[in-house]
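Student: Following this line is coords_31.txt, made up of compact mmCIF, C-alpha atoms (C1' of nucleotides):
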# COMPACT_ATOMS: atom_id res chain seq x y z
CA MET A 1 31.94 -16.84 14.35
CA ARG A 2 33.48 -14.19 12.13
CA ILE A 3 35.73 -14.63 9.18
CA GLY A 4 38.95 -14.40 11.16
CA GLU A 5 38.12 -17.34 13.35
CA LEU A 6 36.82 -19.41 10.46
CA SER A 7 39.99 -18.62 8.60
CA ALA A 8 42.11 -19.72 11.51
CA ARG A 9 40.16 -22.87 12.19
CA THR A 10 40.15 -24.00 8.59
CA ASN A 11 43.57 -22.72 7.79
CA THR A 12 42.16 -20.89 4.82
CA PRO A 13 42.89 -17.32 3.75
CA ARG A 14 40.01 -14.93 4.28
CA ARG A 15 40.23 -14.05 0.66
CA LEU A 16 39.26 -17.58 -0.23
CA LEU A 17 36.40 -17.75 2.21
CA ARG A 18 34.93 -14.75 0.48
CA TYR A 19 35.63 -16.35 -2.84
CA TYR A 20 33.86 -19.56 -1.84
CA GLU A 21 30.92 -17.49 -0.78
CA GLU A 22 30.91 -15.69 -4.08
CA GLN A 23 30.92 -19.08 -5.79
CA ARG A 24 28.01 -20.02 -3.55
CA LEU A 25 29.81 -22.85 -1.86
CA ILE A 26 29.17 -21.45 1.57
CA VAL A 27 26.78 -18.91 3.02
CA ALA A 28 27.19 -16.32 5.70
CA SER A 29 24.73 -14.20 7.55
CA ARG A 30 25.59 -10.65 8.38
CA SER A 31 25.85 -8.91 11.70
CA PRO A 32 24.21 -5.50 11.96
CA ASN A 33 27.58 -3.96 11.22
CA GLY A 34 27.99 -5.89 7.99
CA TYR A 35 30.44 -8.46 9.25
CA ARG A 36 30.04 -11.99 7.98
CA GLU A 37 28.78 -14.41 10.58
CA TYR A 38 29.35 -18.16 10.18
CA ASP A 39 27.85 -21.06 12.05
CA GLU A 40 29.68 -24.06 13.36
CA PRO A 41 28.98 -26.54 10.54
CA THR A 42 30.61 -24.17 8.12
CA VAL A 43 33.95 -25.21 9.50
CA ASP A 44 33.52 -28.76 8.28
CA ARG A 45 32.05 -27.58 5.07
CA VAL A 46 35.05 -25.43 4.30
CA LEU A 47 37.34 -28.30 5.14
CA GLN A 48 35.45 -30.50 2.76
CA ILE A 49 35.58 -27.88 0.06
CA ARG A 50 39.30 -27.58 0.45
CA GLY A 51 39.68 -31.29 0.23
CA LEU A 52 37.69 -31.50 -2.94
CA LEU A 53 39.45 -28.54 -4.42
CA ASP A 54 42.78 -30.04 -3.62
CA ALA A 55 41.56 -33.27 -5.08
CA GLY A 56 41.14 -31.45 -8.33
CA LEU A 57 37.44 -30.71 -8.55
CA PRO A 58 36.46 -27.25 -9.74
CA THR A 59 34.10 -25.15 -7.65
CA ARG A 60 31.48 -25.49 -10.34
CA ILE A 61 31.27 -29.20 -9.68
CA ILE A 62 31.74 -28.96 -5.96
CA LYS A 63 28.71 -26.74 -5.84
CA GLN A 64 26.65 -29.53 -7.32
CA ILE A 65 28.17 -32.23 -5.24
CA LEU A 66 28.11 -30.65 -1.83
CA PRO A 67 24.37 -30.72 -1.29
CA CYS A 68 24.37 -34.48 -1.77
CA LEU A 69 26.98 -35.10 0.84
CA GLY A 70 26.66 -33.87 4.42
CA LYS A 71 25.10 -35.82 7.26
CA PRO A 72 21.57 -34.53 7.18
CA ARG A 73 21.43 -35.86 3.69
CA ALA A 74 18.28 -34.19 2.55
CA LEU A 75 18.97 -30.85 4.05
CA TYR A 76 19.39 -29.12 0.77
CA PHE A 77 18.00 -31.35 -1.83
CA PRO A 78 17.89 -29.67 -5.19
CA ASP A 79 15.50 -31.17 -7.67
CA ALA A 80 17.56 -34.00 -8.99
CA THR A 81 17.18 -33.22 -12.65
CA PRO A 82 18.25 -36.01 -14.98
CA GLU A 83 20.84 -33.64 -16.31
CA MET A 84 22.31 -33.16 -12.89
CA ILE A 85 22.26 -36.88 -12.24
CA ALA A 86 24.22 -37.30 -15.43
CA THR A 87 26.77 -34.77 -14.28
CA LEU A 88 27.17 -36.58 -11.02
CA GLU A 89 27.58 -39.91 -12.71
CA HIS A 90 30.17 -38.48 -14.99
CA GLU A 91 32.03 -36.92 -12.12
CA LEU A 92 31.83 -40.18 -10.25
CA ASP A 93 33.67 -41.85 -13.08
CA ARG A 94 36.26 -39.17 -13.20
CA MET A 95 36.86 -39.46 -9.50
CA THR A 96 37.27 -43.18 -9.76
CA THR A 97 39.75 -42.75 -12.56
CA ARG A 98 41.61 -40.21 -10.55
CA ILE A 99 41.70 -42.44 -7.52
CA THR A 100 43.08 -45.28 -9.55
CA CYS A 101 45.73 -43.12 -11.09
CA LEU A 102 46.70 -41.51 -7.83
CA THR A 103 46.86 -44.80 -6.01
CA HIS A 104 48.89 -46.33 -8.74
CA ASN A 105 51.44 -43.58 -8.74
CA ARG A 106 51.50 -43.19 -5.03
CA ASP A 107 52.34 -46.82 -4.62
CA ALA A 108 55.09 -46.50 -7.15
CA ILE A 109 56.55 -43.57 -5.29
CA ALA A 110 56.26 -45.35 -1.98
CA GLU A 111 58.04 -48.33 -3.40
CA TYR A 112 60.73 -46.14 -4.77
CA LEU A 113 61.21 -44.34 -1.50
CA ASP A 114 61.37 -47.61 0.34
CA ALA A 115 64.09 -48.81 -1.95
CA VAL A 116 66.10 -45.65 -1.52
CA ARG A 117 65.62 -45.62 2.22
CA ASP A 118 66.84 -49.16 2.62
CA GLY A 119 70.12 -48.02 1.23
CA ASN A 120 69.04 -50.25 -1.59
CA PRO A 121 69.05 -47.82 -4.46
CA PRO A 122 68.02 -49.13 -7.85
CA ASP A 123 70.46 -51.55 -9.40
CA VAL A 124 71.71 -49.55 -12.25
CA LEU A 125 72.30 -45.91 -12.59
CA VAL A 126 72.17 -45.37 -16.25
CA GLU A 127 71.78 -41.75 -16.89
CA ALA A 128 71.53 -38.61 -14.87
CA PRO A 129 69.98 -35.77 -16.83
CA ALA A 130 71.54 -32.37 -16.65
CA MET B 1 56.48 -40.74 -34.71
CA ARG B 2 55.68 -37.10 -35.22
CA ILE B 3 53.57 -34.83 -33.09
CA GLY B 4 50.38 -35.45 -34.99
CA GLU B 5 50.40 -39.15 -34.33
CA LEU B 6 51.41 -38.73 -30.73
CA SER B 7 48.62 -36.25 -30.32
CA ALA B 8 46.12 -38.66 -31.82
CA ARG B 9 47.31 -41.63 -29.84
CA THR B 10 47.30 -39.83 -26.53
CA ASN B 11 44.30 -37.72 -27.25
CA THR B 12 46.27 -34.66 -26.32
CA PRO B 13 46.39 -31.36 -28.19
CA ARG B 14 49.68 -30.69 -29.95
CA ARG B 15 49.88 -27.47 -28.08
CA LEU B 16 50.14 -29.40 -24.85
CA LEU B 17 52.73 -31.82 -26.11
CA ARG B 18 54.92 -28.85 -26.89
CA TYR B 19 54.11 -27.42 -23.51
CA TYR B 20 55.08 -30.63 -21.73
CA GLU B 21 58.32 -30.59 -23.61
CA GLU B 22 58.93 -27.02 -22.59
CA GLN B 23 58.30 -28.08 -19.00
CA ARG B 24 60.77 -30.88 -19.57
CA LEU B 25 58.31 -33.64 -18.92
CA ILE B 26 59.02 -35.28 -22.24
CA VAL B 27 61.76 -35.07 -24.78
CA ALA B 28 61.78 -35.16 -28.53
CA SER B 29 64.50 -35.53 -31.06
CA ARG B 30 64.36 -33.58 -34.26
CA SER B 31 64.26 -34.72 -37.85
CA PRO B 32 66.56 -32.92 -40.27
CA ASN B 33 63.66 -30.70 -41.19
CA GLY B 34 63.08 -29.63 -37.63
CA TYR B 35 60.04 -31.77 -36.95
CA ARG B 36 59.77 -33.33 -33.53
CA GLU B 37 60.31 -37.06 -33.48
CA TYR B 38 58.99 -39.16 -30.61
CA ASP B 39 59.71 -42.74 -29.68
CA GLU B 40 57.19 -45.34 -28.66
CA PRO B 41 57.54 -45.13 -24.87
CA THR B 42 56.61 -41.48 -25.04
CA VAL B 43 53.03 -42.51 -25.61
CA ASP B 44 52.77 -44.09 -22.20
CA ARG B 45 54.66 -41.29 -20.65
CA VAL B 46 52.25 -38.72 -21.96
CA LEU B 47 49.35 -40.80 -20.75
CA GLN B 48 50.88 -40.94 -17.33
CA ILE B 49 51.48 -37.22 -17.33
CA ARG B 50 47.90 -36.57 -18.23
CA GLY B 51 46.74 -38.83 -15.47
CA LEU B 52 48.85 -37.10 -12.89
CA LEU B 53 47.85 -33.71 -14.15
CA ASP B 54 44.24 -34.65 -13.99
CA ALA B 55 44.85 -36.00 -10.54
CA GLY B 56 45.86 -32.55 -9.53
CA LEU B 57 49.63 -32.62 -9.52
CA PRO B 58 51.40 -29.63 -11.04
CA THR B 59 53.99 -30.16 -13.74
CA ARG B 60 56.66 -29.00 -11.36
CA ILE B 61 56.04 -32.01 -9.15
CA ILE B 62 55.38 -34.41 -11.97
CA LYS B 63 58.79 -33.60 -13.29
CA GLN B 64 60.31 -34.84 -10.06
CA ILE B 65 58.11 -37.85 -9.76
CA LEU B 66 58.28 -39.21 -13.27
CA PRO B 67 61.86 -40.40 -13.21
CA CYS B 68 61.07 -42.60 -10.23
CA LEU B 69 58.22 -44.37 -11.87
CA GLY B 70 58.52 -46.17 -15.19
CA LYS B 71 59.31 -49.84 -15.60
CA PRO B 72 63.03 -49.71 -16.16
CA ARG B 73 63.19 -48.11 -12.80
CA ALA B 74 66.72 -46.86 -12.88
CA LEU B 75 66.61 -45.57 -16.35
CA TYR B 76 66.81 -41.97 -15.37
CA PHE B 77 67.96 -41.89 -11.85
CA PRO B 78 68.67 -38.38 -10.67
CA ASP B 79 70.90 -38.10 -7.66
CA ALA B 80 68.39 -38.62 -4.93
CA THR B 81 69.24 -35.59 -2.86
CA PRO B 82 67.78 -35.57 0.63
CA GLU B 83 65.89 -32.50 -0.37
CA MET B 84 64.28 -34.30 -3.24
CA ILE B 85 63.45 -37.26 -1.06
CA ALA B 86 61.72 -34.87 1.29
CA THR B 87 59.70 -33.47 -1.56
CA LEU B 88 58.66 -36.91 -2.59
CA GLU B 89 57.68 -37.87 0.92
CA HIS B 90 55.66 -34.75 1.23
CA GLU B 91 53.95 -35.36 -2.06
CA LEU B 92 53.28 -38.92 -1.03
CA ASP B 93 51.38 -37.64 1.96
CA ARG B 94 49.44 -35.21 -0.12
CA MET B 95 48.48 -37.93 -2.54
CA THR B 96 47.32 -40.16 0.25
CA THR B 97 45.25 -37.37 1.67
CA ARG B 98 43.80 -36.73 -1.71
CA ILE B 99 42.98 -40.36 -2.24
CA THR B 100 41.23 -40.54 1.08
CA CYS B 101 39.24 -37.45 0.39
CA LEU B 102 38.32 -38.49 -3.11
CA THR B 103 37.34 -41.97 -2.05
CA HIS B 104 35.29 -40.62 0.76
CA ASN B 105 33.36 -38.25 -1.40
CA ARG B 106 33.05 -40.60 -4.29
CA ASP B 107 31.45 -43.18 -2.05
CA ALA B 108 29.07 -40.58 -0.74
CA ILE B 109 28.09 -39.61 -4.25
CA ALA B 110 27.69 -43.21 -5.27
CA GLU B 111 25.49 -43.84 -2.30
CA TYR B 112 23.45 -40.81 -3.12
CA LEU B 113 23.03 -41.82 -6.72
CA ASP B 114 22.03 -45.29 -5.69
CA ALA B 115 19.36 -43.89 -3.47
CA VAL B 116 18.01 -41.66 -6.18
CA ARG B 117 18.14 -44.39 -8.78
CA ASP B 118 16.21 -46.80 -6.63
CA GLY B 119 13.36 -44.35 -6.75
CA ASN B 120 14.19 -44.01 -3.12
CA PRO B 121 14.99 -40.34 -2.87
CA PRO B 122 16.04 -38.94 0.47
CA ASP B 123 13.26 -38.84 3.04
CA VAL B 124 12.75 -35.19 3.43
CA LEU B 125 13.00 -32.38 0.99
CA VAL B 126 13.62 -29.44 3.16
CA GLU B 127 14.83 -26.65 1.03
CA ALA B 128 15.58 -26.07 -2.60
CA PRO B 129 17.89 -23.13 -3.12
CA ALA B 130 17.10 -20.68 -5.87
C1' DT C 1 53.33 -26.61 -59.84
C1' DC C 2 49.77 -26.18 -56.88
C1' DG C 3 47.08 -27.41 -52.85
C1' DA C 4 46.46 -30.02 -48.67
C1' DA C 5 48.21 -31.67 -44.73
C1' DC C 6 51.66 -31.74 -42.04
C1' DC C 7 55.14 -29.21 -39.15
C1' DA C 8 57.51 -24.96 -36.81
C1' DT C 9 57.67 -20.68 -33.60
C1' DC C 10 55.61 -16.85 -31.38
C1' DA C 11 52.45 -14.48 -28.96
C1' DC C 12 48.44 -13.12 -27.08
C1' DA C 13 43.96 -14.72 -24.56
C1' DT C 14 41.29 -17.19 -21.02
C1' DG C 15 39.69 -19.41 -16.82
C1' DG C 16 40.18 -20.82 -12.18
C1' DA C 17 42.25 -20.48 -7.71
C1' DT C 18 44.90 -17.45 -5.45
C1' DG C 19 47.86 -13.21 -3.65
C1' DT C 20 47.95 -8.43 -2.41
C1' DG C 21 46.94 -3.98 -1.39
C1' DA C 22 44.23 0.32 -1.18
C1' DA C 23 40.59 2.92 1.14
C1' DG C 24 37.66 2.82 4.56
C1' DG C 25 34.13 1.30 8.58
C1' DT C 26 33.66 -0.86 13.57
C1' DC C 27 34.88 -1.74 18.08
C1' DA C 28 37.34 -2.58 22.30
C1' DA C 29 40.92 -1.12 25.24
C1' DT C 30 43.91 2.48 26.74
C1' DA D 1 40.25 10.46 21.33
C1' DT D 2 43.38 7.57 19.48
C1' DT D 3 45.34 3.10 18.40
C1' DG D 4 45.14 -1.50 16.78
C1' DA D 5 42.80 -5.40 15.42
C1' DC D 6 39.16 -6.61 13.32
C1' DC D 7 35.97 -6.20 9.31
C1' DT D 8 34.13 -4.35 4.51
C1' DT D 9 34.49 -3.85 -0.88
C1' DC D 10 37.04 -3.31 -5.02
C1' DA D 11 40.42 -4.09 -8.17
C1' DC D 12 44.39 -5.44 -10.08
C1' DA D 13 48.21 -9.18 -10.28
C1' DT D 14 49.95 -13.95 -10.62
C1' DC D 15 50.42 -18.91 -11.79
C1' DC D 16 49.25 -22.68 -14.46
C1' DA D 17 47.05 -25.44 -17.88
C1' DT D 18 44.95 -24.46 -21.91
C1' DG D 19 42.92 -22.25 -26.37
C1' DT D 20 43.72 -19.89 -30.61
C1' DG D 21 45.53 -17.82 -34.39
C1' DA D 22 49.13 -15.61 -37.26
C1' DT D 23 52.96 -16.53 -40.18
C1' DG D 24 55.73 -19.47 -42.52
C1' DG D 25 58.51 -23.93 -43.81
C1' DT D 26 58.22 -29.03 -45.66
C1' DT D 27 56.40 -32.86 -48.09
C1' DC D 28 53.55 -35.27 -51.03
C1' DG D 29 50.19 -36.44 -54.30
C1' DA D 30 47.10 -34.77 -58.21
Take the structure in the file and write it out as C-alpha cells.
Tutor:
Amino acid sequence: MRIGELSARTNTPRRLLRYYEEQRLIVASRSPNGYREYDEPTVDRVLQIRGLLDAGLPTRIIKQILPCLGKPRALYFPDATPEMIATLEHELDRMTTRITCLTHNRDAIAEYLDAVRDGNPPDVLVEAPA
Amino acid sequence: MRIGELSARTNTPRRLLRYYEEQRLIVASRSPNGYREYDEPTVDRVLQIRGLLDAGLPTRIIKQILPCLGKPRALYFPDATPEMIATLEHELDRMTTRITCLTHNRDAIAEYLDAVRDGNPPDVLVEAPA
DNA sequence: TCGAACCATCACATGGATGTGAAGGTCAAT
DNA sequence: ATTGACCTTCACATCCATGTGATGGTTCGA
C-alpha cells in the first residue's frame, strides 16, 4: 500500500511515517515512480511504534527494542551485544517503574472520579486556588 | 528548605524546580531576601511530578491531575467542572492504554532477555541489518 | 573584608516529535 | 489537455522539557 492508505489505517500523519522511516523504525520499498510502498505487517508495526512513543519511549530506544518483539521473533536478530543487552535491561527497569507510577496515579484518578460521580465529593473543600 | 536542598532531595535540577513553579505545579514562599522557601510535602510532590512526567504526561495535564491525588484528598479541590471531569476521564483512558502497551512490550522484552540469558537465543538468525 | 557557596532573574540553545507549506512529479478520470 | 488527488523532497516553525551561562545579590566563615 502507499503512504496515504498506511496513514489512514494507522491514523498517523504522513509526515510522521516519513519521519519513522528516517529514524529507521520502518522500511518502505519504492515503486518505479518513487512512491513509497508498504507491506501489510507495517500497519501493526506503526501501531506498535505509536504505542511505545506514546508510552514515552524515544525512537532511539524503540529502534533497539522493536527487533526483539514481533511474532517471528528471530526475524531481525541483531547481534545481541552485551552493551545492547544492558540497554534493554535498563529500559526494562524504566518501563516497570513507569508502569508502577502510571498505575498508581491512574488508580488514584479513578478513585477520585468515582467519588465525584457518586455525588459523593470529598468531605471538605478547603481551598480553591485562583 | 531552599531550592538547593529540594534539588538534592528530589534529584532534580534547580532549573526544573523553577520551571515547575512557573508551570504552577508547585509553589514556593519567599524569604525576606527573595530566596524560595519550600515546605516538606513539596518533596513528595516533586517526586510525583517527575514520575508523571517520566510516564509521559505533559505538565498541562499534570497540573489538572495533581490536586486530585495527594493524601489529604480535598486539600486543594478545584471546582470539578464537567469539562475538567471529561479531561480526567480522557486522561484516565490514555493512561490505561499506555499501561497496557507498556506492560505488553515490557513482558516481551523480558521474555526476550530471558531467552538470551539462558544461552537459548532465538532459533534462527535470519538477517542482521547494517 | 574577601571568597565560597548559596540564591535570583533572564535569555538563549538544544533535542525530539510534530505541524505546515512550497515546489514539483505521477496518474487516472473527464 | 487539464484537473484533482495522489506522491516526492526540502526546509522552516512549534511545543515542551531541558541545558547552560551571564550577571548580580546574600550570607557566612576564614
Student: Suppose you want the space between atom CA of Arg24 of chain B and atom CA of Leu66 of chain B; what is it in Å?
Tutor: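 According to the coordinates, atom CA of Arg24 of chain B and atom CA of Leu66 of chain B are separated by 10.7 Å.
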Student: Counting only C-alpha atoms (C1' of nucleotides), give me one row per residue of chain D with an atom at most 10 Å from an atom of chain A, showing the shortest contact pair and its distance in Å to one decimal, sorted by chain then residue number, as JSON lines.
Tutor:
{"residue": "D:DC6", "atom": "C1'", "partner": "A:Gly4", "partner_atom": "CA", "distance": 8.1}
{"residue": "D:DC7", "atom": "C1'", "partner": "A:Tyr35", "partner_atom": "CA", "distance": 6.0}
{"residue": "D:DT8", "atom": "C1'", "partner": "A:Gly34", "partner_atom": "CA", "distance": 7.2}
Student: Rounded to one decimal place, report the atom C1' of DG16 of chain C-atom CA of Thr59 of chain A distance in Å.
Tutor: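 The value is 8.7 Å.
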Student: Per residue of chain C within 10 Å of chain B, record the nearest atom pair and its distance in Å to one decimal, counting all atoms listed in the file, with rows in chain order and ascending residue number, as a tab-separated table.
Tutor:
residue	atom	partner	partner_atom	distance
C:DC6	C1'	B:Gly4	CA	8.1
C:DC7	C1'	B:Tyr35	CA	6.0
C:DA8	C1'	B:Tyr35	CA	7.3
Student: What gap, in Å, lies between atom CA of Thr87 of chain A and atom CA of Gln64 of chain A?
Tutor: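 Calculated distance between atom CA of Thr87 of chain A and atom CA of Gln64 of chain A is 8.7 Å.
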Student: Nearest to chain B: which of A:Gly51, A:Asp114, A:Asp39, A:Pro82 is it, counting only C-alpha atoms?
Tutor: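 Among the listed residues, the smallest separation from chain B belongs to A:Gly51.
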Student: As a compact mmCIF listing (two decimals) with C-alpha atoms (C1' of nucleotides), keeping the file's coordinate frame, please: the residues near DA17 of chain C (cut-off 10 Å, all atoms listed in the file, same-chain neighbours under 2 positions excluded).
Tutor:
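Contents of out23.txt, as written:
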# COMPACT_ATOMS: atom_id res chain seq x y z
CA LEU A 16 39.26 -17.58 -0.23
CA TYR A 19 35.63 -16.35 -2.84
CA LEU A 53 39.45 -28.54 -4.42
CA PRO A 58 36.46 -27.25 -9.74
CA THR A 59 34.10 -25.15 -7.65
C1' DG C 15 39.69 -19.41 -16.82
C1' DC D 15 50.42 -18.91 -11.79
C1' DC D 16 49.25 -22.68 -14.46
Student: Nearest residue to chain B out of A:Glu89, A:Glu22, A:Asp44, A:Glu5, using only C-alpha atoms?
Tutor: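 Nearest candidate to chain B out of A:Glu89, A:Glu22, A:Asp44, A:Glu5: A:Glu89.
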Student: Pick the closest to chain B from A:Lys63, A:Val27, A:Ala55, A:Asp107: which is it, counting all atoms listed in the file?
Tutor: A:Ala55
Student: Since the input is missing atoms for segment 17-49 of chain A, could you rebuild it with N, CA and C atoms and give the result as a PDB file, keeping the file's coordinate frame?
Tutor:
ATOM      1  N   LEU A  17      37.727 -17.556   1.618  1.00  0.00           N
ATOM      2  CA  LEU A  17      36.400 -17.750   2.210  1.00  0.00           C
ATOM      3  C   LEU A  17      35.394 -16.856   1.503  1.00  0.00           C
ATOM      4  N   ARG A  18      35.831 -15.654   1.200  1.00  0.00           N
ATOM      5  CA  ARG A  18      34.930 -14.750   0.480  1.00  0.00           C
ATOM      6  C   ARG A  18      34.687 -15.261  -0.932  1.00  0.00           C
ATOM      7  N   TYR A  19      35.744 -15.790  -1.485  1.00  0.00           N
ATOM      8  CA  TYR A  19      35.630 -16.350  -2.840  1.00  0.00           C
ATOM      9  C   TYR A  19      34.660 -17.526  -2.847  1.00  0.00           C
ATOM     10  N   TYR A  20      34.759 -18.406  -1.904  1.00  0.00           N
ATOM     11  CA  TYR A  20      33.860 -19.560  -1.840  1.00  0.00           C
ATOM     12  C   TYR A  20      32.410 -19.081  -1.690  1.00  0.00           C
ATOM     13  N   GLU A  21      32.267 -18.022  -0.951  1.00  0.00           N
ATOM     14  CA  GLU A  21      30.920 -17.490  -0.780  1.00  0.00           C
ATOM     15  C   GLU A  21      30.409 -16.939  -2.114  1.00  0.00           C
ATOM     16  N   GLU A  22      31.261 -16.244  -2.779  1.00  0.00           N
ATOM     17  CA  GLU A  22      30.910 -15.690  -4.080  1.00  0.00           C
ATOM     18  C   GLU A  22      30.511 -16.811  -5.039  1.00  0.00           C
ATOM     19  N   GLN A  23      31.214 -17.928  -4.938  1.00  0.00           N
ATOM     20  CA  GLN A  23      30.920 -19.080  -5.790  1.00  0.00           C
ATOM     21  C   GLN A  23      29.745 -19.882  -5.239  1.00  0.00           C
ATOM     22  N   ARG A  24      29.179 -19.400  -4.158  1.00  0.00           N
ATOM     23  CA  ARG A  24      28.010 -20.020  -3.550  1.00  0.00           C
ATOM     24  C   ARG A  24      28.289 -21.410  -3.002  1.00  0.00           C
ATOM     25  N   LEU A  25      29.485 -21.580  -2.491  1.00  0.00           N
ATOM     26  CA  LEU A  25      29.810 -22.850  -1.860  1.00  0.00           C
ATOM     27  C   LEU A  25      29.479 -22.800  -0.377  1.00  0.00           C
ATOM     28  N   ILE A  26      29.547 -21.629   0.170  1.00  0.00           N
ATOM     29  CA  ILE A  26      29.170 -21.450   1.570  1.00  0.00           C
ATOM     30  C   ILE A  26      28.284 -20.216   1.679  1.00  0.00           C
ATOM     31  N   VAL A  27      27.604 -20.096   2.796  1.00  0.00           N
ATOM     32  CA  VAL A  27      26.780 -18.910   3.020  1.00  0.00           C
ATOM     33  C   VAL A  27      27.180 -18.274   4.339  1.00  0.00           C
ATOM     34  N   ALA A  28      26.905 -17.015   4.462  1.00  0.00           N
ATOM     35  CA  ALA A  28      27.190 -16.320   5.700  1.00  0.00           C
ATOM     36  C   ALA A  28      26.058 -15.345   5.957  1.00  0.00           C
ATOM     37  N   SER A  29      25.668 -15.259   7.208  1.00  0.00           N
ATOM     38  CA  SER A  29      24.730 -14.200   7.550  1.00  0.00           C
ATOM     39  C   SER A  29      25.543 -12.971   7.893  1.00  0.00           C
ATOM     40  N   ARG A  30      24.865 -11.876   8.100  1.00  0.00           N
ATOM     41  CA  ARG A  30      25.590 -10.650   8.380  1.00  0.00           C
ATOM     42  C   ARG A  30      25.172 -10.066   9.726  1.00  0.00           C
ATOM     43  N   SER A  31      26.145  -9.648  10.479  1.00  0.00           N
ATOM     44  CA  SER A  31      25.850  -8.910  11.700  1.00  0.00           C
ATOM     45  C   SER A  31      25.346  -7.536  11.302  1.00  0.00           C
ATOM     46  N   PRO A  32      24.735  -6.842  12.243  1.00  0.00           N
ATOM     47  CA  PRO A  32      24.210  -5.500  11.960  1.00  0.00           C
ATOM     48  C   PRO A  32      25.283  -4.603  11.338  1.00  0.00           C
ATOM     49  N   ASN A  33      26.506  -4.817  11.711  1.00  0.00           N
ATOM     50  CA  ASN A  33      27.580  -3.960  11.220  1.00  0.00           C
ATOM     51  C   ASN A  33      28.110  -4.397   9.851  1.00  0.00           C
ATOM     52  N   GLY A  34      27.566  -5.470   9.320  1.00  0.00           N
ATOM     53  CA  GLY A  34      27.990  -5.890   7.990  1.00  0.00           C
ATOM     54  C   GLY A  34      29.005  -7.006   7.998  1.00  0.00           C
ATOM     55  N   TYR A  35      29.469  -7.371   9.159  1.00  0.00           N
ATOM     56  CA  TYR A  35      30.440  -8.460   9.250  1.00  0.00           C
ATOM     57  C   TYR A  35      29.785  -9.788   8.910  1.00  0.00           C
ATOM     58  N   ARG A  36      30.537 -10.645   8.257  1.00  0.00           N
ATOM     59  CA  ARG A  36      30.040 -11.990   7.980  1.00  0.00           C
ATOM     60  C   ARG A  36      29.966 -12.792   9.273  1.00  0.00           C
ATOM     61  N   GLU A  37      28.938 -13.586   9.394  1.00  0.00           N
ATOM     62  CA  GLU A  37      28.780 -14.410  10.580  1.00  0.00           C
ATOM     63  C   GLU A  37      28.564 -15.859  10.139  1.00  0.00           C
ATOM     64  N   TYR A  38      29.440 -16.766  10.608  1.00  0.00           N
ATOM     65  CA  TYR A  38      29.350 -18.160  10.180  1.00  0.00           C
ATOM     66  C   TYR A  38      28.889 -19.038  11.325  1.00  0.00           C
ATOM     67  N   ASP A  39      28.214 -20.124  10.992  1.00  0.00           N
ATOM     68  CA  ASP A  39      27.850 -21.060  12.050  1.00  0.00           C
ATOM     69  C   ASP A  39      28.831 -22.221  12.072  1.00  0.00           C
ATOM     70  N   GLU A  40      28.726 -23.005  13.102  1.00  0.00           N
ATOM     71  CA  GLU A  40      29.680 -24.060  13.360  1.00  0.00           C
ATOM     72  C   GLU A  40      29.881 -25.039  12.194  1.00  0.00           C
ATOM     73  N   PRO A  41      28.812 -25.532  11.600  1.00  0.00           N
ATOM     74  CA  PRO A  41      28.980 -26.540  10.540  1.00  0.00           C
ATOM     75  C   PRO A  41      29.793 -26.021   9.364  1.00  0.00           C
ATOM     76  N   THR A  42      29.863 -24.731   9.243  1.00  0.00           N
ATOM     77  CA  THR A  42      30.610 -24.170   8.120  1.00  0.00           C
ATOM     78  C   THR A  42      32.075 -24.583   8.163  1.00  0.00           C
ATOM     79  N   VAL A  43      32.558 -24.794   9.363  1.00  0.00           N
ATOM     80  CA  VAL A  43      33.950 -25.210   9.500  1.00  0.00           C
ATOM     81  C   VAL A  43      34.195 -26.496   8.717  1.00  0.00           C
ATOM     82  N   ASP A  44      33.368 -27.492   8.990  1.00  0.00           N
ATOM     83  CA  ASP A  44      33.520 -28.760   8.280  1.00  0.00           C
ATOM     84  C   ASP A  44      33.315 -28.600   6.787  1.00  0.00           C
ATOM     85  N   ARG A  45      32.362 -27.775   6.483  1.00  0.00           N
ATOM     86  CA  ARG A  45      32.050 -27.580   5.070  1.00  0.00           C
ATOM     87  C   ARG A  45      33.250 -27.002   4.325  1.00  0.00           C
ATOM     88  N   VAL A  46      33.880 -26.022   4.920  1.00  0.00           N
ATOM     89  CA  VAL A  46      35.050 -25.430   4.300  1.00  0.00           C
ATOM     90  C   VAL A  46      36.160 -26.470   4.160  1.00  0.00           C
ATOM     91  N   LEU A  47      36.320 -27.263   5.194  1.00  0.00           N
ATOM     92  CA  LEU A  47      37.340 -28.300   5.140  1.00  0.00           C
ATOM     93  C   LEU A  47      37.063 -29.248   3.980  1.00  0.00           C
ATOM     94  N   GLN A  48      35.814 -29.593   3.838  1.00  0.00           N
ATOM     95  CA  GLN A  48      35.450 -30.500   2.760  1.00  0.00           C
ATOM     96  C   GLN A  48      35.699 -29.860   1.397  1.00  0.00           C
ATOM     97  N   ILE A  49      35.338 -28.612   1.306  1.00  0.00           N
ATOM     98  CA  ILE A  49      35.580 -27.880   0.060  1.00  0.00           C
ATOM     99  C   ILE A  49      37.052 -27.894  -0.292  1.00  0.00           C
TER     100      ILE A  49
END
